[in-house]
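I have placed the structure first, in the form of structure tokens, so that the comments after it can refer back to it.
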There are 2 protein chains.
Amino acid sequence: MADRSNRAIERIFDALGDPTRRRILEHLSSGPRAVSSLSGPLKLTVAAILQHVQCLERSGLVRTAKVGRVRTCEIESKALADAERWLADRRARWEENYDKLAALLGDEDGA
Amino acid sequence: MADRSNRAIERIFDALGDPTRRRILEHLSSGPRAVSSLSGPLKLTVAAILQHVQCLERSGLVRTAKVGRVRTCEIESKALADAERWLADRRARWEENYDKLAALLGDEDGA
DNA sequence: TCTTTGCTTAAGTGATGGCTTGACTATAAG
DNA sequence: CTTATAGTCAAGCCATCACTTAAGCAAAGA
């Protein structure tokens, strides 16, 4: 399971690594959107948007469904939460070590 | 300020987007490390590691200091926290909308 | 039925980014 | 002083990736 979730995390941060995809998430955070409705604001071809959406979907950050001829995209908050947790875990581990070290040194400066 | 922090976030997620850099953070989360000490475990040239470290430093995720001839790297937890908050904000905005919508529809399925 | 709209796929292009090698600097050790 | 170590900088190579164009397809609308 650690392996599976590792790959999931890899895909999530990989998806999050592109500025355009982050802007898509930004748009989606205020509500579901059709693929073509993202094309305008982001000044990109529908084909380009679609490629990003597919990447986001593979990562689990976005879920899509097609009704009629329009595909609607929405955020899947679990993946967002997974990324948060990954960061929080590393931070916790680091801060724990940092505190120990500070205590050991008799505690100077607390950045 | 929103502009400055936007750029900061961009750099952070950009840095986080590379698997090798995530592995470096992984190593650093258990304590400070010299550049060359990362080279072995990651099976990369020191030069390659350095490039990643420089990217991480530009993003604020890592702070480094050189004493003598060895440069030591450590995590800067603030940037990690900033990334967490970015994700949490988007998620909150989405969930708020989602809940409203669910309530409006008389509430069926609660995924 | 004919046309428009919205998406989908494939192919191609240009740029970016990660990595290596090789040369160089500065500190530490013998 | 000589040698080894740790990092730094600059080119250059290659793969990946984002984006475009073009062609195709299915659903809606006139």
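By order in the structure tokens, chains are A, B, ...; within a chain, residues start at 1; ligands start at 1, following the order shown.
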At a cut-off of 9 Å, list the chain B residues touching chain C, using only C-alpha atoms (C1' of nucleotides), as a CSV table (one decimal) with N, CA and C atoms, in the first residue's frame.
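In the end it all went to out-v1.csv:
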```csv
chain,number,residue,atom,x,y,z
B,44,LEU,N,23.3,10.1,-8.3
B,44,LEU,CA,23.5,11.2,-9.2
B,44,LEU,C,24.8,11.9,-8.9
B,45,THR,N,25.3,12.6,-10.0
B,45,THR,CA,26.5,13.4,-9.8
B,45,THR,C,26.3,14.5,-8.8
B,47,ALA,N,27.2,17.4,-9.2
B,47,ALA,CA,26.8,18.6,-9.9
B,47,ALA,C,25.2,18.6,-10.1
B,48,ALA,N,24.7,17.4,-10.4
B,48,ALA,CA,23.3,17.3,-10.6
B,48,ALA,C,22.5,17.7,-9.2
B,68,GLY,N,33.4,26.1,5.9
B,68,GLY,CA,34.6,25.5,5.3
B,68,GLY,C,34.4,25.1,3.9
B,69,ARG,N,34.6,23.9,3.5
B,69,ARG,CA,34.3,23.6,2.1
B,69,ARG,C,33.1,22.8,1.9
B,70,VAL,N,32.3,22.6,3.0
B,70,VAL,CA,31.1,21.8,2.8
B,70,VAL,C,29.8,22.6,3.0
```
DSSP on the backbone, alpha helix (DSSP H) only: what residues of chain B does that give? Format it as an mmCIF file with C-alpha atoms, in the first residue's frame.
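Generated file (selection35.cif):
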```cif
data_model
loop_
_atom_site.group_PDB
_atom_site.id
_atom_site.type_symbol
_atom_site.label_atom_id
_atom_site.label_comp_id
_atom_site.auth_asym_id
_atom_site.auth_seq_id
_atom_site.Cartn_x
_atom_site.Cartn_y
_atom_site.Cartn_z
ATOM 1 C CA ALA B 2 -0.526 38.668 -3.265
ATOM 2 C CA ASP B 3 1.686 38.982 -6.299
ATOM 3 C CA ARG B 4 4.886 38.261 -4.424
ATOM 4 C CA SER B 5 3.395 35.283 -2.655
ATOM 5 C CA ASN B 6 1.987 34.051 -5.945
ATOM 6 C CA ARG B 7 5.441 33.905 -7.422
ATOM 7 C CA ALA B 8 6.659 32.218 -4.292
ATOM 8 C CA ILE B 9 3.981 29.556 -4.599
ATOM 9 C CA GLU B 10 4.798 29.094 -8.253
ATOM 10 C CA ARG B 11 8.435 28.443 -7.423
ATOM 11 C CA ILE B 12 7.536 26.113 -4.595
ATOM 12 C CA PHE B 13 5.271 23.870 -6.632
ATOM 13 C CA ASP B 14 7.657 24.021 -9.526
ATOM 14 C CA ALA B 15 10.407 22.730 -7.236
ATOM 15 C CA LEU B 16 8.074 20.136 -5.762
ATOM 16 C CA PRO B 19 10.745 13.453 -8.183
ATOM 17 C CA THR B 20 14.443 13.837 -7.418
ATOM 18 C CA ARG B 21 13.847 17.040 -5.529
ATOM 19 C CA ARG B 22 11.094 15.368 -3.538
ATOM 20 C CA ARG B 23 13.533 12.630 -2.621
ATOM 21 C CA ILE B 24 16.030 15.230 -1.509
ATOM 22 C CA LEU B 25 13.394 16.749 0.751
ATOM 23 C CA GLU B 26 12.655 13.263 2.008
ATOM 24 C CA HIS B 27 16.296 12.863 3.008
ATOM 25 C CA LEU B 28 16.465 16.324 4.528
ATOM 26 C CA VAL B 35 25.447 18.141 -0.777
ATOM 27 C CA SER B 36 27.813 15.259 -1.445
ATOM 28 C CA SER B 37 26.090 13.008 1.073
ATOM 29 C CA LEU B 38 22.978 13.097 -1.123
ATOM 30 C CA SER B 39 24.880 12.130 -4.208
ATOM 31 C CA GLY B 40 25.376 8.505 -3.178
ATOM 32 C CA PRO B 41 21.830 7.477 -2.201
ATOM 33 C CA LEU B 42 20.298 9.245 -5.191
ATOM 34 C CA VAL B 46 27.294 16.031 -7.213
ATOM 35 C CA ALA B 47 26.762 18.617 -9.934
ATOM 36 C CA ALA B 48 23.253 17.327 -10.551
ATOM 37 C CA ILE B 49 22.433 17.359 -6.855
ATOM 38 C CA LEU B 50 23.728 20.878 -6.594
ATOM 39 C CA GLN B 51 21.452 22.051 -9.368
ATOM 40 C CA HIS B 52 18.467 20.595 -7.565
ATOM 41 C CA VAL B 53 19.559 22.084 -4.272
ATOM 42 C CA GLN B 54 19.874 25.484 -5.915
ATOM 43 C CA CYS B 55 16.359 25.145 -7.282
ATOM 44 C CA LEU B 56 15.070 24.141 -3.869
ATOM 45 C CA GLU B 57 16.843 27.074 -2.314
ATOM 46 C CA ARG B 58 15.411 29.540 -4.832
ATOM 47 C CA SER B 59 11.968 28.237 -3.951
ATOM 48 C CA SER B 77 9.515 24.463 6.986
ATOM 49 C CA LYS B 78 7.772 27.729 6.220
ATOM 50 C CA ALA B 79 7.724 27.057 2.487
ATOM 51 C CA LEU B 80 6.356 23.599 3.143
ATOM 52 C CA ALA B 81 3.630 25.178 5.243
ATOM 53 C CA ASP B 82 2.906 27.693 2.475
ATOM 54 C CA ALA B 83 2.327 24.892 0.004
ATOM 55 C CA GLU B 84 0.085 23.119 2.468
ATOM 56 C CA ARG B 85 -1.956 26.230 2.907
ATOM 57 C CA TRP B 86 -2.340 26.765 -0.828
ATOM 58 C CA LEU B 87 -3.771 23.285 -1.169
ATOM 59 C CA ALA B 88 -5.944 23.618 1.913
ATOM 60 C CA ASP B 89 -7.386 26.903 0.655
ATOM 61 C CA ARG B 90 -8.399 25.445 -2.693
ATOM 62 C CA ARG B 91 -9.818 22.422 -1.027
ATOM 63 C CA ALA B 92 -11.797 24.522 1.433
ATOM 64 C CA ARG B 93 -13.205 26.679 -1.338
ATOM 65 C CA TRP B 94 -14.211 23.602 -3.275
ATOM 66 C CA GLU B 95 -15.764 21.795 -0.335
ATOM 67 C CA GLU B 96 -17.727 24.849 0.628
ATOM 68 C CA ASN B 97 -19.224 24.987 -2.845
ATOM 69 C CA TYR B 98 -19.760 21.276 -2.850
ATOM 70 C CA ASP B 99 -21.673 21.370 0.408
ATOM 71 C CA LYS B 100 -23.857 24.199 -0.787
ATOM 72 C CA LEU B 101 -24.660 22.301 -3.922
ATOM 73 C CA ALA B 102 -25.417 19.123 -2.011
ATOM 74 C CA ALA B 103 -27.717 20.974 0.337
ATOM 75 C CA LEU B 104 -29.451 22.593 -2.600
#
```
Contacts of chain D with chain A up to 10 Å, shortest pair per row, only C-alpha atoms (C1' of nucleotides), as JSON lines:
```
{"residue": "D:DA18", "atom": "C1'", "partner": "A:Ala48", "partner_atom": "CA", "distance": 7.8}
{"residue": "D:DC19", "atom": "C1'", "partner": "A:Ala48", "partner_atom": "CA", "distance": 6.4}
{"residue": "D:DT20", "atom": "C1'", "partner": "A:Thr45", "partner_atom": "CA", "distance": 8.0}
{"residue": "D:DA26", "atom": "C1'", "partner": "A:Arg69", "partner_atom": "CA", "distance": 7.1}
{"residue": "D:DA27", "atom": "C1'", "partner": "A:Arg69", "partner_atom": "CA", "distance": 5.4}
{"residue": "D:DA28", "atom": "C1'", "partner": "A:Arg69", "partner_atom": "CA", "distance": 8.6}
```
Between A:Thr72, A:Ser29, A:Ala34, A:Arg63, which residue has the minimum interatomic distance to chain B, considering only C-alpha atoms?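 The answer is A:Ser29, which sits nearest to chain B.
Of note, atom CA of A:Glu74 and atom C1' of D:DC17 are spaced 24.1 Å apart.
Minimum atom-to-atom distances from B:Glu76, B:Met1, B:Arg71, B:Thr64 to chain A were compared using only C-alpha atoms, and the lowest value belongs to B:Glu76.
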Two-atom distance - atom CA of B:Gly60, atom CA of A:Gly17 (Å):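 Going from atom CA of B:Gly60 over to atom CA of A:Gly17 covers 15.8 Å.
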Distance in Å - atom C1' of D:DA30 versus atom CA of A:Arg33: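 Between atom C1' of D:DA30 and atom CA of A:Arg33 the gap is 26.7 Å.
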